[in-house]
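Here's query.pdb, which has PDB, C-alpha atoms and all ligand atoms:
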```
ATOM      1  CA  MET A  16       0.952  -5.179 -19.392
ATOM      2  CA  ARG A  17       3.730  -5.859 -16.967
ATOM      3  CA  GLY A  18       6.800  -4.315 -18.554
ATOM      4  CA  GLU A  19       9.100  -1.554 -17.516
ATOM      5  CA  HIS A  20       8.027   0.312 -20.653
ATOM      6  CA  VAL A  21       4.635   1.102 -19.094
ATOM      7  CA  PRO A  22       4.940   4.804 -18.289
ATOM      8  CA  ALA A  23       4.914   5.720 -14.620
ATOM      9  CA  VAL A  24       1.815   7.439 -13.291
ATOM     10  CA  LEU A  25       3.738   8.619 -10.252
ATOM     11  CA  SER A  26       7.475   9.009 -10.033
ATOM     12  CA  VAL A  27       9.526   9.884  -7.024
ATOM     13  CA  GLU A  28      12.768  11.408  -8.255
ATOM     14  CA  GLY A  29      15.781  12.100  -6.072
ATOM     15  CA  LEU A  30      13.510  12.729  -3.091
ATOM     16  CA  THR A  31      15.193  14.072   0.012
ATOM     17  CA  VAL A  32      13.461  14.831   3.309
ATOM     18  CA  SER A  33      15.180  16.351   6.332
ATOM     19  CA  ILE A  34      13.852  17.380   9.694
ATOM     20  CA  GLY A  35      16.291  19.500  11.655
ATOM     21  CA  GLU A  36      19.684  17.849  11.311
ATOM     22  CA  HIS A  37      18.168  14.466  10.514
ATOM     23  CA  GLU A  38      18.319  13.426   6.847
ATOM     24  CA  ILE A  39      15.405  10.983   6.666
ATOM     25  CA  LEU A  40      15.372  10.406   2.903
ATOM     26  CA  ARG A  41      18.632  10.901   1.032
ATOM     27  CA  GLY A  42      17.646  10.697  -2.632
ATOM     28  CA  VAL A  43      14.879   8.173  -3.280
ATOM     29  CA  ASP A  44      13.796   7.168  -6.804
ATOM     30  CA  ILE A  45      10.680   5.047  -7.316
ATOM     31  CA  ALA A  46       8.365   4.728 -10.322
ATOM     32  CA  LEU A  47       4.786   3.510  -9.890
ATOM     33  CA  ARG A  48       3.069   2.139 -12.974
ATOM     34  CA  PRO A  49      -0.597   1.393 -13.655
ATOM     35  CA  GLY A  50      -1.620  -2.194 -12.956
ATOM     36  CA  ARG A  51       1.541  -2.934 -11.036
ATOM     37  CA  VAL A  52       2.366  -3.413  -7.382
ATOM     38  CA  HIS A  53       5.674  -1.874  -6.308
ATOM     39  CA  GLY A  54       6.839  -3.298  -3.024
ATOM     40  CA  LEU A  55       8.904  -1.101  -0.728
ATOM     41  CA  ALA A  56      10.787  -3.158   1.840
ATOM     42  CA  GLY A  57      13.409  -2.432   4.443
ATOM     43  CA  GLU A  58      14.033  -2.490   8.162
ATOM     44  CA  SER A  59      12.263  -0.284  10.670
ATOM     45  CA  GLY A  60      13.301   3.356  10.386
ATOM     46  CA  SER A  61      14.680   3.002   6.845
ATOM     47  CA  GLY A  62      12.238   5.599   5.497
ATOM     48  CA  LYS A  63       9.497   3.500   3.896
ATOM     49  CA  THR A  64       6.592   5.287   5.542
ATOM     50  CA  MET A  65       8.144   8.697   4.949
ATOM     51  CA  THR A  66       8.448   7.856   1.245
ATOM     52  CA  GLY A  67       4.754   6.877   1.119
ATOM     53  CA  LEU A  68       3.700  10.030   2.954
ATOM     54  CA  ALA A  69       5.856  12.203   0.708
ATOM     55  CA  ALA A  70       4.195  10.607  -2.325
ATOM     56  CA  LEU A  71       0.907  11.872  -0.893
ATOM     57  CA  GLY A  72       2.367  15.273  -0.134
ATOM     58  CA  LEU A  73       1.875  14.561   3.575
ATOM     59  CA  LEU A  74       5.046  15.512   5.409
ATOM     60  CA  PRO A  75       5.670  16.404   9.019
ATOM     61  CA  HIS A  76       5.643  20.075   9.885
ATOM     62  CA  GLY A  77       9.042  21.645   9.339
ATOM     63  CA  ALA A  78      10.239  18.971   6.908
ATOM     64  CA  ARG A  79      12.554  20.236   4.165
ATOM     65  CA  THR A  80      12.296  18.453   0.862
ATOM     66  CA  GLY A  81      14.293  18.186  -2.333
ATOM     67  CA  GLY A  82      13.760  16.298  -5.583
ATOM     68  CA  ARG A  83      10.349  15.750  -7.145
ATOM     69  CA  VAL A  84       7.171  13.697  -6.755
ATOM     70  CA  VAL A  85       5.596  13.824 -10.200
ATOM     71  CA  LEU A  86       1.977  12.820 -10.826
ATOM     72  CA  ASP A  87       0.779  13.223 -14.395
ATOM     73  CA  GLY A  88       3.524  15.730 -15.117
ATOM     74  CA  ARG A  89       2.890  17.862 -12.009
ATOM     75  CA  ASP A  90       5.372  18.079  -9.151
ATOM     76  CA  LEU A  91       3.342  17.550  -5.978
ATOM     77  CA  LEU A  92       6.093  18.949  -3.770
ATOM     78  CA  GLY A  93       5.606  22.363  -5.335
ATOM     79  CA  LEU A  94       1.807  22.426  -5.165
ATOM     80  CA  PRO A  95      -0.048  24.814  -2.881
ATOM     81  CA  GLN A  96      -1.923  23.116  -0.036
ATOM     82  CA  ARG A  97      -5.294  23.696  -1.692
ATOM     83  CA  ASP A  98      -4.306  21.867  -4.858
ATOM     84  CA  LEU A  99      -2.658  19.109  -2.860
ATOM     85  CA  ASN A 100      -5.883  18.519  -0.957
ATOM     86  CA  LYS A 101      -7.635  17.941  -4.270
ATOM     87  CA  VAL A 102      -5.054  15.420  -5.401
ATOM     88  CA  ARG A 103      -5.089  13.587  -2.088
ATOM     89  CA  GLY A 104      -7.978  11.182  -1.818
ATOM     90  CA  ARG A 105      -8.958  11.727  -5.426
ATOM     91  CA  ASP A 106      -5.866  10.860  -7.490
ATOM     92  CA  ILE A 107      -3.762   9.269  -4.755
ATOM     93  CA  ALA A 108      -5.198   7.440  -1.770
ATOM     94  CA  MET A 109      -3.662   5.688   1.195
ATOM     95  CA  VAL A 110      -4.486   2.662   3.305
ATOM     96  CA  PHE A 111      -2.831   2.455   6.700
ATOM     97  CA  GLN A 112      -1.781  -0.367   8.952
ATOM     98  CA  ASP A 113      -4.619  -0.238  11.427
ATOM     99  CA  PRO A 114      -8.156   0.113  10.077
ATOM    100  CA  ALA A 115      -9.380   0.732  13.616
ATOM    101  CA  THR A 116      -7.714   4.135  13.579
ATOM    102  CA  SER A 117      -8.486   5.099   9.988
ATOM    103  CA  LEU A 118     -12.238   4.446  10.185
ATOM    104  CA  HIS A 119     -14.606   6.806  11.967
ATOM    105  CA  PRO A 120     -16.368   4.810  14.708
ATOM    106  CA  MET A 121     -19.526   6.925  14.716
ATOM    107  CA  LEU A 122     -20.259   7.017  10.988
ATOM    108  CA  SER A 123     -21.822   4.195   9.019
ATOM    109  CA  VAL A 124     -19.566   2.495   6.543
ATOM    110  CA  GLY A 125     -21.639   3.740   3.606
ATOM    111  CA  ARG A 126     -21.475   7.315   4.850
ATOM    112  CA  GLN A 127     -17.690   7.168   5.128
ATOM    113  CA  ILE A 128     -17.437   6.138   1.493
ATOM    114  CA  THR A 129     -20.055   8.566   0.181
ATOM    115  CA  GLU A 130     -18.567  11.557   2.052
ATOM    116  CA  HIS A 131     -15.434  11.247  -0.076
ATOM    117  CA  MET A 132     -17.344  10.951  -3.324
ATOM    118  CA  ARG A 133     -19.611  13.846  -2.528
ATOM    119  CA  HIS A 134     -16.699  16.024  -1.453
ATOM    120  CA  HIS A 135     -14.271  15.239  -4.275
ATOM    121  CA  LEU A 136     -16.599  14.278  -7.123
ATOM    122  CA  GLY A 137     -19.692  16.317  -6.241
ATOM    123  CA  LEU A 138     -21.992  13.293  -6.574
ATOM    124  CA  GLY A 139     -25.620  13.376  -5.418
ATOM    125  CA  LYS A 140     -26.772  11.263  -2.488
ATOM    126  CA  ALA A 141     -28.380   8.409  -4.435
ATOM    127  CA  GLU A 142     -25.565   8.036  -6.927
ATOM    128  CA  ALA A 143     -22.925   8.131  -4.189
ATOM    129  CA  ARG A 144     -24.829   5.468  -2.229
ATOM    130  CA  ALA A 145     -25.084   3.197  -5.280
ATOM    131  CA  ARG A 146     -21.371   3.542  -5.921
ATOM    132  CA  ALA A 147     -20.575   2.895  -2.253
ATOM    133  CA  VAL A 148     -22.533  -0.362  -2.325
ATOM    134  CA  ASP A 149     -20.822  -1.314  -5.566
ATOM    135  CA  LEU A 150     -17.405  -0.631  -3.996
ATOM    136  CA  LEU A 151     -18.217  -2.699  -0.922
ATOM    137  CA  GLY A 152     -19.015  -5.550  -3.297
ATOM    138  CA  LYS A 153     -15.709  -5.033  -5.094
ATOM    139  CA  VAL A 154     -13.770  -5.408  -1.866
ATOM    140  CA  ARG A 155     -15.847  -8.534  -1.144
ATOM    141  CA  ILE A 156     -17.861  -7.385   1.815
ATOM    142  CA  PRO A 157     -20.767  -9.840   2.044
ATOM    143  CA  GLY A 158     -24.230  -8.269   1.660
ATOM    144  CA  PRO A 159     -22.855  -4.889   0.580
ATOM    145  CA  SER A 160     -26.174  -3.043   0.697
ATOM    146  CA  ALA A 161     -26.883  -3.950   4.332
ATOM    147  CA  ALA A 162     -23.205  -3.549   5.202
ATOM    148  CA  ALA A 163     -23.308   0.088   4.085
ATOM    149  CA  ASP A 164     -25.686   0.847   6.976
ATOM    150  CA  ARG A 165     -23.517  -0.786   9.627
ATOM    151  CA  TYR A 166     -20.723   0.689  11.716
ATOM    152  CA  PRO A 167     -17.024  -0.279  11.765
ATOM    153  CA  HIS A 168     -17.216  -2.104  15.130
ATOM    154  CA  GLN A 169     -19.699  -4.540  13.608
ATOM    155  CA  PHE A 170     -17.008  -5.960  11.330
ATOM    156  CA  SER A 171     -13.920  -8.105  11.898
ATOM    157  CA  GLY A 172     -10.426  -6.627  11.553
ATOM    158  CA  GLY A 173      -9.999  -8.064   8.061
ATOM    159  CA  MET A 174     -13.386  -6.755   6.951
ATOM    160  CA  ARG A 175     -12.545  -3.343   8.419
ATOM    161  CA  GLN A 176      -9.371  -3.243   6.336
ATOM    162  CA  ARG A 177     -11.467  -4.117   3.262
ATOM    163  CA  ILE A 178     -13.757  -1.202   4.150
ATOM    164  CA  ALA A 179     -10.745   1.112   4.513
ATOM    165  CA  ILE A 180      -9.662  -0.006   1.042
ATOM    166  CA  ALA A 181     -13.157   0.735  -0.317
ATOM    167  CA  ILE A 182     -12.953   4.244   1.169
ATOM    168  CA  ALA A 183      -9.526   4.731  -0.408
ATOM    169  CA  LEU A 184     -10.946   3.688  -3.779
ATOM    170  CA  ALA A 185     -14.047   5.875  -3.489
ATOM    171  CA  CYS A 186     -12.887   8.534  -5.918
ATOM    172  CA  GLY A 187     -11.207   6.201  -8.385
ATOM    173  CA  PRO A 188      -7.580   7.052  -7.550
ATOM    174  CA  LYS A 189      -4.774   6.189  -9.947
ATOM    175  CA  VAL A 190      -2.341   5.482  -7.153
ATOM    176  CA  LEU A 191      -2.851   3.594  -3.905
ATOM    177  CA  ILE A 192      -0.249   3.756  -1.143
ATOM    178  CA  ALA A 193      -0.743   0.792   1.204
ATOM    179  CA  ASP A 194       1.459   1.103   4.306
ATOM    180  CA  GLU A 195       1.786  -2.243   6.098
ATOM    181  CA  PRO A 196      -1.871  -3.028   5.243
ATOM    182  CA  THR A 197      -1.758  -6.519   6.732
ATOM    183  CA  THR A 198       0.604  -6.063   9.682
ATOM    184  CA  ALA A 199      -2.135  -5.438  12.262
ATOM    185  CA  LEU A 200      -4.233  -8.353  11.049
ATOM    186  CA  ASP A 201      -4.452 -11.919  12.163
ATOM    187  CA  VAL A 202      -2.324 -14.162   9.940
ATOM    188  CA  THR A 203      -5.410 -16.022   8.798
ATOM    189  CA  VAL A 204      -6.781 -12.917   7.055
ATOM    190  CA  GLN A 205      -3.567 -11.443   5.673
ATOM    191  CA  ALA A 206      -3.511 -13.451   2.459
ATOM    192  CA  GLY A 207      -7.054 -12.401   1.590
ATOM    193  CA  ILE A 208      -6.197  -8.711   1.886
ATOM    194  CA  LEU A 209      -3.064  -9.124  -0.223
ATOM    195  CA  ARG A 210      -5.015 -10.998  -2.867
ATOM    196  CA  LEU A 211      -7.647  -8.281  -2.857
ATOM    197  CA  LEU A 212      -5.002  -5.597  -3.423
ATOM    198  CA  ARG A 213      -3.480  -7.608  -6.233
ATOM    199  CA  GLY A 214      -6.893  -8.088  -7.863
ATOM    200  CA  LEU A 215      -7.800  -4.403  -7.579
ATOM    201  CA  CYS A 216      -4.465  -3.442  -9.060
ATOM    202  CA  ASP A 217      -5.075  -5.742 -12.042
ATOM    203  CA  ASP A 218      -8.780  -4.977 -12.533
ATOM    204  CA  LEU A 219      -8.693  -1.215 -12.012
ATOM    205  CA  GLY A 220      -5.219  -0.556 -13.389
ATOM    206  CA  LEU A 221      -4.219   0.934 -10.046
ATOM    207  CA  ALA A 222      -0.580   1.740  -9.374
ATOM    208  CA  VAL A 223       0.085   0.371  -5.890
ATOM    209  CA  LEU A 224       2.963   1.170  -3.556
ATOM    210  CA  LEU A 225       2.989  -1.604  -0.970
ATOM    211  CA  VAL A 226       5.071  -0.577   2.028
ATOM    212  CA  THR A 227       6.127  -3.494   4.176
ATOM    213  CA  HIS A 228       9.030  -4.596   6.315
ATOM    214  CA  ASP A 229       8.141  -8.107   5.314
ATOM    215  CA  LEU A 230       9.694  -9.769   2.270
ATOM    216  CA  GLY A 231       7.257 -12.669   2.599
ATOM    217  CA  VAL A 232       4.329 -10.304   2.018
ATOM    218  CA  MET A 233       6.270  -8.740  -0.822
ATOM    219  CA  SER A 234       6.858 -12.041  -2.544
ATOM    220  CA  ALA A 235       3.135 -12.757  -2.630
ATOM    221  CA  VAL A 236       2.018  -9.723  -4.608
ATOM    222  CA  ALA A 237       4.702  -7.332  -5.818
ATOM    223  CA  ASP A 238       5.762  -6.987  -9.452
ATOM    224  CA  GLU A 239       8.742  -4.829  -8.580
ATOM    225  CA  VAL A 240      10.616  -4.470  -5.336
ATOM    226  CA  SER A 241      12.712  -1.679  -3.874
ATOM    227  CA  VAL A 242      14.730  -2.279  -0.749
ATOM    228  CA  MET A 243      15.434   0.701   1.499
ATOM    229  CA  ARG A 244      18.021   1.273   4.148
ATOM    230  CA  ASP A 245      18.887   4.430   6.006
ATOM    231  CA  GLY A 246      16.918   6.743   3.703
ATOM    232  CA  LEU A 247      18.240   5.269   0.465
ATOM    233  CA  VAL A 248      16.970   2.696  -2.025
ATOM    234  CA  MET A 249      19.695   0.060  -1.992
ATOM    235  CA  GLU A 250      18.255  -2.036  -4.762
ATOM    236  CA  THR A 251      15.271  -1.990  -7.108
ATOM    237  CA  GLY A 252      14.040  -4.330  -9.825
ATOM    238  CA  ALA A 253      11.632  -7.075 -10.798
ATOM    239  CA  ARG A 254      10.529  -9.203  -7.848
ATOM    240  CA  SER A 255      12.107 -12.374  -9.180
ATOM    241  CA  GLN A 256      15.417 -10.648  -9.794
ATOM    242  CA  VAL A 257      15.624  -8.826  -6.460
ATOM    243  CA  LEU A 258      14.400 -11.730  -4.346
ATOM    244  CA  ARG A 259      16.166 -14.515  -6.234
ATOM    245  CA  GLU A 260      19.418 -12.839  -7.205
ATOM    246  CA  PRO A 261      19.824  -9.859  -4.914
ATOM    247  CA  ALA A 262      22.614  -7.595  -6.066
ATOM    248  CA  HIS A 263      23.063  -5.979  -2.680
ATOM    249  CA  PRO A 264      24.383  -7.744   0.442
ATOM    250  CA  TYR A 265      21.758  -5.957   2.535
ATOM    251  CA  THR A 266      18.924  -7.522   0.510
ATOM    252  CA  ARG A 267      20.652 -10.880   0.877
ATOM    253  CA  ALA A 268      20.787 -10.387   4.658
ATOM    254  CA  LEU A 269      17.057  -9.568   4.765
ATOM    255  CA  LEU A 270      16.295 -12.665   2.704
ATOM    256  CA  ASP A 271      18.483 -14.842   4.877
ATOM    257  CA  ALA A 272      16.487 -13.715   7.891
ATOM    258  CA  LEU A 273      13.300 -15.202   6.360
ATOM    259  CA  PRO A 274      12.160 -18.711   7.245
ATOM    260  CA  ARG A 275      12.977 -21.024   4.351
ATOM    261  CA  HIS A 276      10.684 -20.751   1.344
ATOM    262  CA  ASP A 277      11.039 -19.511  -2.185
ATOM    263  CA  PRO A 278      10.452 -15.776  -1.888
ATOM    264  CA  ALA A 279      10.503 -15.161  -5.621
ATOM    265  CA  ALA A 280       7.881 -17.717  -6.575
ATOM    266  CA  PRO A 281       4.875 -16.041  -8.175
ATOM    267  CA  PRO A 282       1.527 -16.484  -6.448
ATOM    268  CA  GLY A 283      -0.320 -19.585  -7.579
ATOM    269  CA  PRO A 284      -3.965 -19.490  -8.682
ATOM    270  CA  ASP A 285      -5.032 -19.420  -5.055
ATOM    271  CA  GLY A 286      -2.470 -16.739  -4.270
ATOM    272  CA  SER A 287      -0.027 -19.148  -2.681
ATOM    273  CA  THR A 288       3.680 -19.049  -3.413
ATOM    274  CA  GLY A 289       6.156 -21.818  -3.984
ATOM    275  CA  ALA A 290       5.908 -22.898  -0.356
ATOM    276  CA  PRO A 291       3.453 -25.710   0.323
ATOM    277  CA  PRO A 292       0.299 -24.276   1.911
ATOM    278  CA  GLY A 293       0.616 -23.880   5.607
ATOM    279  CA  THR A 294       4.329 -24.643   5.852
ATOM    280  CA  ASP A 295       5.206 -21.272   7.242
ATOM    281  CA  ARG A 296       1.946 -20.697   9.000
ATOM    282  CA  ASP A 297       3.436 -20.683  12.443
ATOM    283  CA  ALA A 298       6.772 -19.147  11.570
ATOM    284  CA  SER A 299       5.913 -15.496  11.156
ATOM    285  CA  PRO A 300       3.057 -13.501   9.734
ATOM    286  CA  GLY A 301       5.257 -12.384   6.874
ATOM    287  CA  ALA A 302       6.436 -15.735   5.775
ATOM    288  CA  GLY A 303       3.072 -17.366   6.164
ATOM    289  CA  GLY A 304       0.880 -14.495   5.057
ATOM    290  CA  ASP A 305       1.113 -15.480   1.427
ATOM    291  CA  VAL A 306       0.199 -19.086   1.829
ATOM    292  CA  LEU A 307      -2.873 -18.894   3.975
ATOM    293  CA  PRO A 308      -6.443 -19.463   2.865
ATOM    294  CA  MET A 309      -8.435 -16.433   1.889
ATOM    295  CA  GLU A 310     -10.531 -14.788   4.511
ATOM    296  CA  GLY A 311     -14.199 -15.644   4.350
ATOM    297  CA  GLN A 312     -13.695 -18.511   1.914
TER
HETATM  298  N1  LIG B   1       7.484  13.252  12.293
HETATM  299  C1  LIG B   1       8.775  12.913  12.335
HETATM  300  N2  LIG B   1       9.682  13.774  12.844
HETATM  301  C2  LIG B   1      10.993  13.444  12.889
HETATM  302  N3  LIG B   1      11.500  12.298  12.462
HETATM  303  C3  LIG B   1      10.650  11.387  11.967
HETATM  304  C4  LIG B   1       9.244  11.648  11.851
HETATM  305  N4  LIG B   1       8.663  10.562  11.307
HETATM  306  C5  LIG B   1       9.639   9.678  11.083
HETATM  307  N5  LIG B   1      10.840  10.164  11.463
HETATM  308  C6  LIG B   1      12.126   9.467  11.355
HETATM  309  O1  LIG B   1      12.346   9.168   9.997
HETATM  310  C7  LIG B   1      13.003   7.897   9.859
HETATM  311  C8  LIG B   1      12.240   7.038   8.889
HETATM  312  O2  LIG B   1      10.985   6.729   9.463
HETATM  313  P1  LIG B   1       9.883   5.874   8.686
HETATM  314  O3  LIG B   1       8.683   5.811   9.555
HETATM  315  O4  LIG B   1       9.723   6.386   7.318
HETATM  316  O5  LIG B   1      10.594   4.444   8.611
HETATM  317  P2  LIG B   1       9.972   3.047   8.220
HETATM  318  O6  LIG B   1      10.967   2.400   7.318
HETATM  319  O7  LIG B   1       8.596   3.208   7.677
HETATM  320  O8  LIG B   1       9.944   2.310   9.595
HETATM  321  P3  LIG B   1       8.790   1.422  10.281
HETATM  322  O9  LIG B   1       8.790   0.123   9.508
HETATM  323  O10 LIG B   1       9.234   1.280  11.674
HETATM  324  O11 LIG B   1       7.518   2.184  10.136
HETATM  325  C9  LIG B   1      13.118   7.330  11.256
HETATM  326  O12 LIG B   1      14.427   7.577  11.718
HETATM  327  C10 LIG B   1      12.129   8.114  12.059
HETATM  328  O13 LIG B   1      12.557   8.251  13.387
END
```

Once you've parsed the file, please lay out its structure as structure tokens.
Amino acid sequence: MRGEHVPAVLSVEGLTVSIGEHEILRGVDIALRPGRVHGLAGESGSGKTMTGLAALGLLPHGARTGGRVVLDGRDLLGLPQRDLNKVRGRDIAMVFQDPATSLHPMLSVGRQITEHMRHHLGLGKAEARARAVDLLGKVRIPGPSAAADRYPHQFSGGMRQRIAIAIALACGPKVLIADEPTTALDVTVQAGILRLLRGLCDDLGLAVLLVTHDLGVMSAVADEVSVMRDGLVMETGARSQVLREPAHPYTRALLDALPRHDPAAPPGPDGSTGAPPGTDRDASPGAGGDVLPMEGQ
């Protein structure tokens, strides 16, 4: 089911965010649908991260907002903090750029997953543990049962990001906000993480917002693409349309800045795009991230 007719699970409607005199978002519209990856691209400072945080109801202190962020018919911007805390982590989860900062160094991996399930879902110890091991398997951590007893520093950067994804999925969210999830990783592991996100989106029917400054990353996994600049969405549409026939000169300029490969080509069976494997490997993480072999394979 990859059509625009699939109803949105989360819609951002005319979202504005200001801090002091600074208008950070100036009327953003984005619809996230189950089983689809919506890529949010744009240069640094365009408001991508702020849009993702607003979708989670996480805004800087003193931020003034307008518009709506609607999840299952409820406007999150109007919810009291207590209700928002319930939504966050349970219905909407987030994965950040650097797993080193999002994981607790002193808690075992299994404990970090089960804490969420016990807190939000009220699961007992044994059931939470079984589900944690199952989740570690889903994100392709080798030997998930033993891995649950280890600590974050015992894993590579790519594996740590997989663990952060498992934690985000702990309570079966409908929406996953992934903010530059591969930017801090070595290029050789980026493609594996993107492929994992794509697979989880398809298998679990997750609605994914993939925030990235990188159109190469976008081309590997997104179904739809929005391009932001200066707090506004300049252009939005199907990946092939936006990346192949951009309507806006700004999108064209971003595309022209990419090393040469076909940004609109769908991922092949191994997740590669139209570029021959390895061609862009040394150009930039973004351009090459979609054509590299999968981590651990
Ligand atoms: N806590 C904050 N207080 C005030 N202004 C902020 C805050 N966080 C972000 N901004 C401003 O909001 C604007 C948008 O920032 P945002 O982080 O959303 O951009 P971005 O597109 O994600 O950029 P990057 O790719 O560099 O992360 C920037 O001008 C930034 O300086």

Mind checking which residues fall within 7 Å of region 165-167 of chain A, counting only C-alpha atoms, ignoring those fewer than 6 positions away in the same chain, and posting them as a list in words? Leu118, Pro120, Leu122, Ser123, Val124 and Arg175 of chain A

Would you name the residues within 12 Å of ligand LIG 1 (chain B), counting only C-alpha atoms and all ligand atoms, and put them as a count of residues only? 54

Have a look at A:Pro188, A:Gly104, A:Gly172, A:Gly54 and name the one nearest to Val24 (chain A); count all atoms listed in the file.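 Closest to Val24 (chain A) of all the choices is A:Pro188.
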
List the neighbours of Asp218 (chain A) out to 9 Å using all atoms listed in the file; skip same-chain residues closer than 4 positions along the sequence, and give me the result as a list in words. Gly50, Arg213 and Gly214 of chain A

Could you list, as a ChimeraX atom specification, every residue within 10 Å of Ala272 (chain A), counting all atoms listed in the file and ignoring same-chain residues fewer than 5 positions away? /A:230,266-267

Could you get me a file of region 150-172 of chain A with C-alpha atoms, as a PDB file, in the first residue's frame, taken from the block above?
```pdb
ATOM      1  CA  LEU A 150      13.359  -6.885  19.205  1.00  0.00           C
ATOM      2  CA  LEU A 151      17.136  -7.227  19.206  1.00  0.00           C
ATOM      3  CA  GLY A 152      16.681 -10.040  16.699  1.00  0.00           C
ATOM      4  CA  LYS A 153      14.425  -7.839  14.578  1.00  0.00           C
ATOM      5  CA  VAL A 154      17.084  -5.157  14.336  1.00  0.00           C
ATOM      6  CA  ARG A 155      19.580  -7.908  13.437  1.00  0.00           C
ATOM      7  CA  ILE A 156      21.793  -7.884  16.476  1.00  0.00           C
ATOM      8  CA  PRO A 157      23.646 -11.212  16.373  1.00  0.00           C
ATOM      9  CA  GLY A 158      23.012 -13.497  19.370  1.00  0.00           C
ATOM     10  CA  PRO A 159      20.181 -11.347  20.731  1.00  0.00           C
ATOM     11  CA  SER A 160      19.810 -13.199  24.027  1.00  0.00           C
ATOM     12  CA  ALA A 161      23.459 -12.737  25.032  1.00  0.00           C
ATOM     13  CA  ALA A 162      23.474  -9.235  23.554  1.00  0.00           C
ATOM     14  CA  ALA A 163      20.691  -8.189  25.929  1.00  0.00           C
ATOM     15  CA  ASP A 164      23.097  -8.654  28.858  1.00  0.00           C
ATOM     16  CA  ARG A 165      25.873  -6.555  27.345  1.00  0.00           C
ATOM     17  CA  TYR A 166      26.502  -2.828  27.597  1.00  0.00           C
ATOM     18  CA  PRO A 167      26.513  -0.224  24.798  1.00  0.00           C
ATOM     19  CA  HIS A 168      30.326   0.156  24.730  1.00  0.00           C
ATOM     20  CA  GLN A 169      30.623  -3.510  23.786  1.00  0.00           C
ATOM     21  CA  PHE A 170      29.030  -2.833  20.402  1.00  0.00           C
ATOM     22  CA  SER A 171      30.167  -1.028  17.254  1.00  0.00           C
ATOM     23  CA  GLY A 172      28.629   2.311  16.255  1.00  0.00           C
TER      24      GLY A 172
END
```
